[in-house]
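Printed here is query00.cif (mmCIF, C-alpha atoms):
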```cif
data_my_file
#
loop_
_atom_site.label_atom_id
_atom_site.label_comp_id
_atom_site.auth_asym_id
_atom_site.auth_seq_id
_atom_site.Cartn_x
_atom_site.Cartn_y
_atom_site.Cartn_z
CA MET A 3 22.95 97.28 -21.88
CA SER A 4 24.90 94.32 -23.27
CA LYS A 5 23.97 92.21 -20.21
CA LEU A 6 20.26 92.76 -20.76
CA LYS A 7 18.19 90.41 -22.84
CA LYS A 8 17.57 91.78 -26.32
CA GLU A 9 13.85 92.21 -25.69
CA ASP A 10 14.64 94.12 -22.49
CA GLN A 11 17.03 96.41 -24.39
CA ILE A 12 14.14 97.34 -26.68
CA LEU A 13 11.96 97.99 -23.63
CA VAL A 14 14.66 100.31 -22.22
CA MET A 15 14.58 102.32 -25.45
CA LEU A 16 10.79 102.38 -25.27
CA ALA A 17 11.01 103.61 -21.67
CA PHE A 18 13.07 106.69 -22.60
CA PHE A 19 10.88 107.36 -25.61
CA SER A 20 7.73 107.09 -23.46
CA ILE A 21 9.14 109.55 -20.90
CA SER A 22 9.65 111.99 -23.76
CA VAL A 23 6.13 111.40 -25.06
CA GLY A 24 4.58 111.78 -21.60
CA LEU A 25 6.48 114.97 -20.82
CA TRP A 26 5.61 116.69 -24.10
CA GLY A 27 2.29 115.04 -24.93
CA ASN A 28 0.81 116.02 -21.57
CA PHE A 29 1.32 119.72 -22.35
CA ARG A 30 1.02 119.69 -26.14
CA GLN A 31 -2.64 120.76 -26.10
CA LEU A 32 -1.92 123.54 -23.60
CA TRP A 33 1.16 124.62 -25.61
CA LEU A 34 -1.09 125.01 -28.64
CA GLU A 35 -3.70 126.89 -26.62
CA ALA A 36 -0.96 129.22 -25.33
CA ASN A 37 -0.06 129.81 -29.00
CA ASN A 38 -3.61 131.10 -29.63
CA PHE A 39 -5.13 127.90 -31.06
CA SER A 40 -8.80 127.29 -30.23
CA VAL A 41 -10.01 123.94 -28.89
CA THR A 42 -11.57 123.12 -32.26
CA ASN A 43 -8.28 123.95 -34.00
CA ILE A 44 -6.38 121.74 -31.56
CA SER A 45 -8.71 118.75 -31.97
CA ASN A 46 -8.58 119.13 -35.77
CA ILE A 47 -4.76 119.28 -35.83
CA ILE A 48 -4.39 116.19 -33.66
CA SER A 49 -7.10 114.37 -35.62
CA ILE A 50 -5.43 115.18 -38.94
CA GLY A 51 -2.02 114.16 -37.56
CA THR A 52 -3.49 110.86 -36.40
CA PHE A 53 -5.07 110.24 -39.80
CA ILE A 54 -1.78 110.98 -41.56
CA SER A 55 -0.18 108.45 -39.19
CA VAL A 56 -2.39 105.80 -40.77
CA LEU A 57 -0.82 106.54 -44.15
CA GLY A 58 2.64 106.39 -42.58
CA ILE A 59 1.95 103.01 -41.02
CA ILE A 60 0.65 101.70 -44.35
CA PHE A 61 3.98 102.77 -45.86
CA VAL A 62 5.91 100.93 -43.12
CA GLY A 63 3.89 97.76 -43.61
CA LYS A 64 4.37 97.80 -47.37
CA TYR A 65 8.02 98.80 -47.72
CA ILE A 66 9.91 98.16 -44.45
CA LYS A 67 11.21 94.64 -43.83
CA LEU A 68 11.68 93.27 -40.32
CA ASP A 69 15.47 93.17 -40.70
CA LYS A 70 15.43 96.92 -41.48
CA LEU A 71 12.92 97.86 -38.80
CA LYS A 72 15.47 98.90 -36.17
CA TYR A 73 17.14 101.31 -38.61
CA PHE A 74 13.81 102.73 -39.70
CA ILE A 75 12.84 103.35 -36.07
CA THR A 76 16.14 105.21 -35.58
CA PHE A 77 15.45 107.33 -38.65
CA THR A 78 11.93 108.16 -37.44
CA LEU A 79 13.25 109.05 -33.97
CA LEU A 80 15.68 111.49 -35.60
CA ILE A 81 12.88 113.06 -37.67
CA LYS A 82 10.87 113.53 -34.48
CA LEU A 83 13.88 115.05 -32.73
CA PHE A 84 14.53 117.68 -35.43
CA ASN A 85 10.81 118.43 -35.68
CA MET A 86 10.55 119.03 -31.93
CA LEU A 87 13.53 121.39 -32.14
CA LEU A 88 11.57 123.29 -34.79
CA LEU A 89 8.52 123.45 -32.50
CA LEU A 90 10.78 124.79 -29.76
CA LYS A 91 11.73 127.67 -32.04
CA LEU A 92 8.17 128.22 -33.28
CA ASN A 93 6.81 128.97 -29.79
CA ASN A 94 5.09 132.41 -29.79
CA SER A 95 5.97 132.86 -33.46
CA LEU A 96 2.31 133.16 -34.59
CA ASN A 97 3.26 131.00 -37.59
CA SER A 98 0.12 128.87 -37.36
CA ALA A 99 0.60 127.10 -40.72
CA LEU A 100 4.08 125.85 -39.82
CA ILE A 101 2.98 124.89 -36.31
CA ASN A 102 0.07 122.90 -37.80
CA THR A 103 2.45 121.02 -40.08
CA SER A 104 4.99 120.41 -37.34
CA ILE A 105 2.38 119.10 -34.88
CA ALA A 106 1.06 116.72 -37.54
CA ILE A 107 4.61 115.44 -38.15
CA ASP A 108 5.10 115.07 -34.39
CA VAL A 109 1.98 112.91 -34.07
CA LEU A 110 2.94 110.95 -37.21
CA ALA A 111 6.44 110.11 -35.94
CA GLU A 112 5.19 109.22 -32.45
CA TYR A 113 2.58 106.79 -33.73
CA ILE A 114 4.87 105.15 -36.27
CA ILE A 115 7.42 104.46 -33.53
CA ILE A 116 4.82 103.17 -31.08
CA SER A 117 3.34 100.84 -33.71
CA SER A 118 6.77 99.45 -34.66
CA ILE A 119 8.02 98.43 -31.20
CA TYR A 120 6.15 95.15 -30.73
CA PRO A 121 6.95 93.81 -34.24
CA LEU A 122 10.63 94.46 -33.41
CA ILE A 123 10.26 92.55 -30.13
CA THR A 124 8.57 89.60 -31.86
CA THR A 125 11.74 89.02 -33.88
CA ILE A 126 13.18 87.88 -30.54
CA LEU A 127 10.24 86.71 -28.42
CA LYS A 128 6.46 86.51 -28.79
CA ASN A 129 3.92 85.67 -26.08
CA ASN A 130 1.10 87.31 -24.13
CA THR A 131 3.40 88.23 -21.24
CA ILE A 132 5.94 90.15 -23.34
CA TYR A 133 3.05 91.89 -25.11
CA SER A 134 1.70 93.10 -21.75
CA LYS A 135 5.24 94.08 -20.65
CA ARG A 136 5.59 96.20 -23.75
CA LYS A 137 2.26 97.92 -23.07
CA LEU A 138 3.00 98.42 -19.37
CA THR A 139 6.45 99.85 -20.16
CA GLU A 140 4.88 102.41 -22.47
CA TYR A 141 2.19 103.36 -19.94
CA LEU A 142 4.45 103.40 -16.88
CA PHE A 143 7.23 105.51 -18.34
CA ARG A 144 4.80 107.83 -20.08
CA ASP A 145 3.55 108.54 -16.56
CA VAL A 146 7.14 109.12 -15.44
CA GLY A 147 7.30 111.83 -18.12
CA VAL A 148 4.06 113.30 -16.78
CA LEU A 149 5.59 113.20 -13.27
CA ILE A 150 8.63 115.17 -14.38
CA GLY A 151 6.39 117.77 -16.01
CA GLY A 152 4.09 117.96 -13.01
CA LEU A 153 6.98 118.50 -10.60
CA LEU A 154 8.60 121.20 -12.73
CA ILE A 155 5.80 123.15 -14.44
CA GLY A 156 5.37 126.65 -13.05
CA LYS A 157 8.56 126.45 -10.96
CA THR A 158 11.68 128.57 -11.30
CA ILE A 159 14.82 126.42 -11.35
CA ILE A 160 18.32 127.92 -11.57
CA GLY A 161 16.73 131.12 -12.77
CA ILE A 162 14.64 129.46 -15.51
CA PHE A 163 10.84 129.55 -15.32
CA VAL A 164 9.54 126.14 -16.38
CA ASN A 165 6.77 126.67 -18.93
CA TYR A 166 5.39 124.42 -21.66
CA ASN A 167 8.32 125.19 -23.95
CA VAL A 168 10.86 124.19 -21.29
CA CYS A 169 9.01 120.89 -20.89
CA LEU A 170 9.30 120.48 -24.67
CA PHE A 171 13.07 121.01 -24.38
CA LEU A 172 13.36 118.40 -21.61
CA SER A 173 11.31 116.01 -23.74
CA ILE A 174 13.85 116.46 -26.53
CA ILE A 175 16.65 115.41 -24.13
CA PHE A 176 14.90 112.14 -23.24
CA LEU A 177 14.18 111.54 -26.92
CA GLY A 178 17.90 111.95 -27.61
CA ILE A 179 18.68 109.27 -24.99
CA ALA A 180 16.14 106.96 -26.66
CA ILE A 181 17.89 107.49 -29.98
CA ILE A 182 21.30 106.64 -28.48
CA THR A 183 19.81 103.54 -26.83
CA ASN A 184 18.22 102.41 -30.08
CA VAL A 185 21.45 102.91 -32.05
CA ASN A 186 23.24 100.62 -29.58
CA LEU A 187 20.68 97.81 -29.92
CA ARG A 188 22.13 94.62 -31.37
CA VAL A 189 19.37 92.78 -33.19
CA GLU A 190 20.42 89.62 -35.00
CA LYS A 191 20.08 89.54 -38.78
CA LEU A 192 16.75 88.07 -39.73
CA ASN A 193 15.79 85.85 -42.60
CA ASP A 194 12.89 88.11 -43.50
CA ILE A 195 10.93 86.79 -46.45
CA LYS A 196 8.62 89.39 -47.96
CA LYS A 197 5.18 87.86 -48.07
CA ASP A 198 2.47 88.89 -50.46
CA THR A 199 0.18 91.44 -48.79
CA LYS A 200 -2.84 89.85 -50.45
CA SER A 201 -1.95 86.50 -48.87
CA PHE A 202 -1.76 88.15 -45.46
CA LEU A 203 -5.11 89.89 -45.86
CA ILE A 204 -6.82 86.74 -47.10
CA LYS A 205 -5.27 84.38 -44.54
CA TYR A 206 -5.53 86.49 -41.40
CA ILE A 207 -8.25 89.04 -42.05
CA LEU A 208 -10.75 88.27 -44.78
CA LYS A 209 -11.01 84.54 -43.98
CA SER A 210 -11.21 85.10 -40.22
CA LYS A 211 -14.52 86.20 -38.75
CA ILE A 212 -12.77 86.75 -35.43
CA GLN A 213 -10.15 89.07 -36.92
CA ILE A 214 -12.73 91.07 -38.89
CA LEU A 215 -14.80 91.60 -35.75
CA TYR A 216 -11.65 92.37 -33.73
CA ALA A 217 -10.76 95.11 -36.23
CA ILE A 218 -14.24 96.64 -35.85
CA TYR A 219 -13.95 96.30 -32.05
CA THR A 220 -10.55 98.06 -32.12
CA PHE A 221 -11.91 100.95 -34.20
CA ILE A 222 -14.98 101.47 -32.01
CA GLY A 223 -12.96 101.15 -28.80
CA ALA A 224 -10.44 103.77 -29.93
CA ALA A 225 -13.23 106.11 -31.04
CA ALA A 226 -15.04 105.66 -27.71
CA MET A 227 -11.94 106.40 -25.64
CA SER A 228 -10.89 109.42 -27.70
CA THR A 229 -14.39 110.91 -27.82
CA ALA A 230 -14.39 111.12 -24.02
CA LEU A 231 -10.71 111.70 -23.24
CA GLY A 232 -9.13 112.95 -26.47
CA LEU A 233 -8.64 116.43 -24.94
CA LYS A 234 -7.91 115.50 -21.33
CA MET A 235 -5.76 118.45 -20.29
CA LEU A 236 -8.11 120.99 -21.86
CA THR A 237 -11.05 119.27 -20.18
CA PHE A 238 -9.36 119.40 -16.78
CA THR A 239 -8.14 122.98 -17.03
CA ASN A 240 -11.10 124.62 -18.80
CA TYR A 241 -14.11 122.53 -17.70
CA LEU A 242 -13.13 120.99 -14.36
CA GLY A 243 -11.28 124.06 -13.06
CA PHE A 244 -7.87 122.46 -12.45
CA SER A 245 -4.63 124.40 -12.91
CA ASP A 246 -2.19 122.88 -15.40
CA GLY A 247 -0.01 121.66 -12.51
CA ASP A 248 -2.94 120.21 -10.53
CA ALA A 249 -4.33 118.52 -13.64
CA THR A 250 -0.93 117.02 -14.39
CA ASN A 251 -0.46 115.77 -10.84
CA TYR A 252 -3.96 114.30 -10.69
CA LEU A 253 -3.60 112.50 -14.00
CA LEU A 254 -0.16 111.34 -12.93
CA ILE A 255 -1.37 109.81 -9.66
CA ILE A 256 -4.28 108.09 -11.38
CA GLY A 257 -1.99 106.94 -14.20
CA LEU A 258 0.56 105.46 -11.79
CA ILE A 259 -2.16 103.65 -9.87
CA ALA A 260 -3.45 102.38 -13.22
CA ASP A 261 0.03 101.02 -13.99
CA VAL A 262 0.07 99.17 -10.68
CA ILE A 263 -3.41 97.81 -11.33
CA GLY A 264 -2.25 96.70 -14.79
CA ILE A 265 0.72 94.82 -13.30
CA LEU A 266 -1.39 93.22 -10.56
CA ALA A 267 -4.13 92.31 -13.03
CA LEU A 268 -1.59 90.61 -15.28
CA LYS A 269 -0.17 88.56 -12.41
CA TYR A 270 -3.01 88.09 -9.92
CA LEU A 271 -6.31 89.78 -10.79
CA THR A 272 -7.33 88.41 -14.19
CA PRO A 273 -10.57 86.44 -13.70
CA LYS A 274 -10.72 82.97 -15.16
CA ASN A 275 -13.94 84.01 -16.88
CA ASP A 276 -13.13 86.45 -19.70
CA TYR A 277 -16.69 87.82 -19.71
CA ILE A 278 -16.09 89.10 -16.18
CA THR A 279 -12.82 90.68 -17.33
CA ILE A 280 -14.56 92.62 -20.10
CA THR A 281 -17.33 93.70 -17.72
CA ILE A 282 -14.78 95.03 -15.24
CA LYS A 283 -12.78 96.87 -17.92
CA PHE A 284 -15.59 98.29 -20.07
CA GLY A 285 -18.96 97.66 -18.41
CA ILE A 286 -18.31 99.80 -15.35
CA ARG A 287 -16.85 102.54 -17.59
CA PHE A 288 -20.03 102.50 -19.69
CA ILE A 289 -22.22 102.85 -16.60
CA ALA A 290 -20.07 105.72 -15.28
CA TYR A 291 -20.18 107.56 -18.62
CA THR A 292 -23.95 107.12 -18.86
CA ILE A 293 -24.51 108.50 -15.35
CA ALA A 294 -22.15 111.40 -16.13
CA PHE A 295 -24.21 112.27 -19.21
CA PHE A 296 -27.61 112.18 -17.54
CA SER A 297 -26.52 113.81 -14.27
CA ASN A 298 -24.37 116.53 -15.90
CA ASN A 299 -22.53 116.61 -12.57
CA ILE A 300 -18.86 117.66 -12.45
CA LEU A 301 -17.97 115.32 -9.57
CA ILE A 302 -19.57 112.29 -11.24
CA THR A 303 -17.82 113.19 -14.49
CA LEU A 304 -14.49 113.34 -12.65
CA ILE A 305 -15.20 109.92 -11.11
CA ALA A 306 -16.03 108.54 -14.58
CA ILE A 307 -12.76 109.90 -16.01
CA THR A 308 -10.83 108.54 -13.04
CA TRP A 309 -12.22 105.02 -13.37
CA SER A 310 -11.63 105.03 -17.12
CA ILE A 311 -7.94 105.85 -16.62
CA LEU A 312 -7.54 103.49 -13.65
CA ILE A 313 -8.63 100.47 -15.68
CA SER A 314 -7.03 101.53 -18.97
CA THR A 315 -3.83 99.47 -18.65
CA ALA A 316 -5.42 96.36 -17.14
CA TYR A 317 -6.34 93.16 -19.01
CA GLU A 318 -4.52 93.98 -22.25
CA ASN A 319 -3.54 90.30 -22.50
CA VAL A 320 -7.21 89.28 -22.57
CA CYS A 321 -8.49 92.14 -24.73
CA ASP A 322 -5.75 92.10 -27.36
CA GLY A 323 -3.05 89.47 -26.75
CA TYR A 324 -5.02 86.50 -28.09
CA TYR A 325 -5.66 88.11 -31.49
CA ILE A 326 -2.15 89.49 -31.96
CA ASN A 327 -0.26 86.36 -31.00
CA GLY A 328 -2.40 84.20 -33.28
CA VAL A 329 -0.47 85.61 -36.23
CA GLU A 330 2.76 83.99 -37.44
CA ASN A 331 6.00 85.93 -36.96
CA GLU A 332 6.60 86.66 -40.64
CA TYR A 333 3.24 88.43 -40.78
CA GLN A 334 3.59 90.16 -37.42
CA LEU A 335 4.74 93.55 -38.73
CA ARG A 336 1.94 93.69 -41.29
CA TYR A 337 -0.64 92.59 -38.77
CA THR A 338 0.49 95.00 -36.08
CA ASN A 339 0.50 97.81 -38.62
CA PHE A 340 -2.99 96.82 -39.75
CA ARG A 341 -4.20 96.87 -36.15
CA TYR A 342 -2.65 100.28 -35.48
CA ILE A 343 -4.17 101.64 -38.69
CA ILE A 344 -7.61 100.64 -37.43
CA ARG A 345 -6.90 102.01 -33.95
CA PHE A 346 -5.54 105.34 -35.16
CA LEU A 347 -8.46 105.80 -37.54
CA GLY A 348 -10.70 105.33 -34.52
CA GLU A 349 -8.64 107.83 -32.53
CA ALA A 350 -8.76 110.36 -35.36
CA VAL A 351 -12.54 110.11 -35.50
CA GLY A 352 -12.78 110.21 -31.69
CA VAL A 353 -10.58 113.28 -31.24
CA PHE A 354 -12.49 115.10 -33.99
CA LEU A 355 -15.82 114.27 -32.31
CA CYS A 356 -14.36 115.19 -28.92
CA GLY A 357 -13.62 118.69 -30.24
CA LEU A 358 -17.18 119.04 -31.55
CA MET A 359 -18.76 117.77 -28.32
CA TYR A 360 -16.40 119.93 -26.23
CA GLU A 361 -17.91 123.06 -27.78
CA ILE A 362 -21.47 121.83 -27.07
CA GLY A 363 -20.88 120.74 -23.48
CA LEU A 364 -18.87 118.36 -21.30
CA ARG A 365 -21.68 115.85 -20.83
CA TYR A 366 -22.01 115.22 -24.58
CA MET A 367 -18.42 113.96 -24.83
CA PHE A 368 -19.28 111.15 -22.41
CA GLY A 369 -22.77 110.55 -23.76
CA LEU A 370 -21.46 109.96 -27.29
CA SER A 371 -18.63 107.81 -25.95
CA ALA A 372 -21.18 105.67 -24.07
CA ILE A 373 -23.06 105.05 -27.32
CA PHE A 374 -19.85 103.78 -28.94
CA MET A 375 -19.25 101.56 -25.92
CA ILE A 376 -22.56 99.72 -26.33
CA PHE A 377 -21.23 98.30 -29.60
CA GLN A 378 -17.71 97.84 -28.18
CA ILE A 379 -18.88 95.71 -25.25
CA GLY A 380 -21.25 93.70 -27.42
CA LEU A 381 -18.43 92.88 -29.84
CA ALA A 382 -16.06 92.03 -26.98
CA TYR A 383 -18.52 89.49 -25.53
CA TYR A 384 -19.19 87.99 -28.96
CA LEU A 385 -15.48 87.65 -29.68
CA ILE A 386 -14.98 85.72 -26.46
CA TYR A 387 -17.84 83.42 -27.50
CA LEU A 388 -16.26 82.85 -30.92
CA ARG A 389 -12.85 82.16 -29.35
CA ARG A 390 -14.36 79.51 -27.10
CA MET A 391 -16.21 77.91 -29.98
CA GLU A 392 -13.03 77.85 -32.06
CA LYS A 393 -11.09 76.27 -29.20
CA SER A 394 -13.73 73.61 -28.59
CA ASN A 395 -13.63 72.64 -32.28
CA LEU A 396 -9.87 71.99 -32.29
#
```
Show how you would write the structure in this file as structure tokens.
Amino acid sequence: MSKLKKEDQILVMLAFFSISVGLWGNFRQLWLEANNFSVTNISNIISIGTFISVLGIIFVGKYIKLDKLKYFITFTLLIKLFNMLLLLKLNNSLNSALINTSIAIDVLAEYIIISSIYPLITTILKNNTIYSKRKLTEYLFRDVGVLIGGLLIGKTIIGIFVNYNVCLFLSIIFLGIAIITNVNLRVEKLNDIKKDTKSFLIKYILKSKIQILYAIYTFIGAAAMSTALGLKMLTFTNYLGFSDGDATNYLLIIGLIADVIGILALKYLTPKNDYITITIKFGIRFIAYTIAFFSNNILITLIAITWSILISTAYENVCDGYYINGVENEYQLRYTNFRYIIRFLGEAVGVFLCGLMYEIGLRYMFGLSAIFMIFQIGLAYYLIYLRRMEKSNL
């Protein structure tokens, strides 16, 4: 670890954490269903947990300084660890109130950690490439966690039948490794000057038309994605007829291919014209979702889901990097927290709507998502136009 660059050490910690998240998160919905929670209950729990995460991130942005961020991440990792141990014990307990609370805490801790990684990295290095590396590390190793779950679920190993609770236990082990890795990080002491929050909001948000529109774009994009895919495993197992193992393996293969596409897009496949990039990432998805709604065909719906996942990790540098890296380092934690607040609010709304549409019918999840995407794509194109105008005026 000591021979690695500091930013790479953080990415190693993120890798172990993402394996844990992938292994447990992939089966969390099914674990809840196995504990007699309805789909509506599950979507509500996750939605509430995501909303609470917004409050947690606001707390981080207001009270946690950059030079204390590593220690706060360690503390949050430990909270998540003990909470997951509690969930392990609560399996089949029928204690729905405590499970609800524990799941909300699990989502809260996960999102606080995820939102804090890039601000920690920017204390060492900040550019579009390291931003994409951070995203790709999260996506890739989350899929590694899904792979582990897919290979083990339903098998009997050394006399132990691997069910959702065993996957939870394995997730706890990887989380423990992430904690050890984070404790051993050596981040140099920072001269962190606490800036006035009002100054940050005025300078980077309220006075910037681009940033205001980017915040709206982020909210709508998160809502669109979560409305269609907020309950992926339940959709695959209950609507598309996959077993939990087949659903895991399918999502894993598509996720790994998506990681490869993301890497290739970063290095070789990003068009020089950003409008084309947005059309590839979101325009084709919109068309697929629209056809899935009107056709109400299972195969077309599966194709729409597949394309959406395949392109999910690609072009992050174009879609997000420009706006994030336009903020000075001393404001980076606040800005990243602000962005995650907007995103998680969108996810909370999307997952809630996904649960409602799920009860009505599969097609309505994608039809509503397509409506959100009309506004998302329009904003994305307009933001590119504003960026070009701003650049030409310099």
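For range 283-300 of chain A, the set of protein, DNA and RNA residues having any atom at most 7 Å away, when counting all atoms listed in the file and skipping those fewer than 6 positions along the same chain, is Leu242, Ala306, Trp309, Ser310, Ile313, Arg365, Tyr366, Phe368, Gly369, Ala372, Met375 and Ile379 of chain A.
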Each residue of range 290-372 of chain A lying at most 9 Å from range 27-41 of chain A should get a row with its shortest atom-to-atom pair and the distance in Å to one decimal, counting all atoms listed in the file; could you produce that, ordered by chain and increasing number, as a tab-separated table?
```
residue	atom	partner	partner_atom	distance
A:Gly357	CA	A:Val41	CA	6.5
A:Tyr360	CA	A:Val41	CA	8.0
A:Glu361	CA	A:Val41	CA	8.0
```
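CA of Tyr383 in chain A to CA of Ile132 in chain A spans 24.6 Å [interatomic distance, one decimal].
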Counting all atoms listed in the file, note down every residue that has an atom within 7 Å of the point (-7.8, 111.7, -40.7) (file coordinates), as a PDB file with C-alpha atoms, keeping the file's coordinate frame.
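So out01.pdb came out as:
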```
ATOM      1  CA  SER A  49      -7.100 114.370 -35.620  1.00  0.00           C
ATOM      2  CA  ILE A  50      -5.430 115.180 -38.940  1.00  0.00           C
ATOM      3  CA  THR A  52      -3.490 110.860 -36.400  1.00  0.00           C
ATOM      4  CA  PHE A  53      -5.070 110.240 -39.800  1.00  0.00           C
ATOM      5  CA  ILE A  54      -1.780 110.980 -41.560  1.00  0.00           C
ATOM      6  CA  LEU A 347      -8.460 105.800 -37.540  1.00  0.00           C
ATOM      7  CA  ALA A 350      -8.760 110.360 -35.360  1.00  0.00           C
TER       8      ALA A 350
END
```
Problem set entry | Within 7 Å of Thr315 in chain A using all atoms listed in the file, minus same-chain residues under 2 positions, as number ranges by chain | A: 138, 260-261, 264, 313, 317-318
Exercise. Which neighbours of range 13-26 of chain A fall inside 8 Å, counting all atoms listed in the file, when residues of the same chain fewer than 3 positions from it are skipped, and could you give them as a ChimeraX atom specification?
Worked result: /A:9-10,29-30,112,119,136,139-141,143-151,169-170,172-177,179-181,183-184
Exercise. Care to translate the PyMOL selection byres ((chain A and resi 222-237) around 6) into actual residues of this file, as an MDAnalysis selection string?
Worked result: chainID A and resid 219:221 238:241 345 348:349 352:353 355:356 367:368 371 374 378
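Shortest atom-to-atom contact with Tyr120 in chain A among A:Lys135, A:Phe346, A:Ser104, A:Leu364: A:Lys135, counting all atoms listed in the file.
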For this session: Would you translate the PyMOL selection byres ((chain A and resi 87-96) around 7) into the concrete set of residues it matches in this file, as a PyMOL selection string?
Result: chain A and resi 37+83-86+97-98+101+104+167+170-171
Find the axis-aligned box for range 112-121 of chain A, covering all its listed atoms and adding 3 Å on each side, and write its centre and edge lengths in Å to one decimal as AutoDock Vina command-line options.
```
--center_x 5.3 --center_y 101.5 --center_z -33.5 --size_x 11.4 --size_y 21.4 --size_z 11.5
```
For this session: State, in Å with one decimal place, the distance from CA of Tyr113 in chain A to CA of Thr125 in chain A.
Result: 20.0 Å
Problem set entry | Residue with smallest distance to Asn251 in chain A - pool A:Leu208, A:Gly152, A:Lys274, A:Ile376, counting all atoms listed in the file | A:Gly152
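CA of Phe244 in chain A to CA of Thr103 in chain A spans 29.5 Å [interatomic distance, one decimal].
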For this session: Go through A:Ile214, A:Ile116, A:Leu358, A:Ile282 and flag the residue nearest Leu388 in chain A, using only C-alpha atoms for the distances.
Result: A:Ile214
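The residue set within 10 Å of Gly323 in chain A, counting all atoms listed in the file and dropping same-chain residues fewer than 2 places from it, reads Asn129, Asn130, Thr131, Ile132, Tyr133, Ser134, Tyr317, Glu318, Asn319, Val320, Cys321, Tyr325, Ile326, Asn327 and Gly328 of chain A.
Between Ala316 in chain A and the candidates A:Lys269, A:Lys70, A:Lys209, A:Arg341, the tightest atom-to-atom separation, counting only C-alpha atoms, involves A:Lys269.
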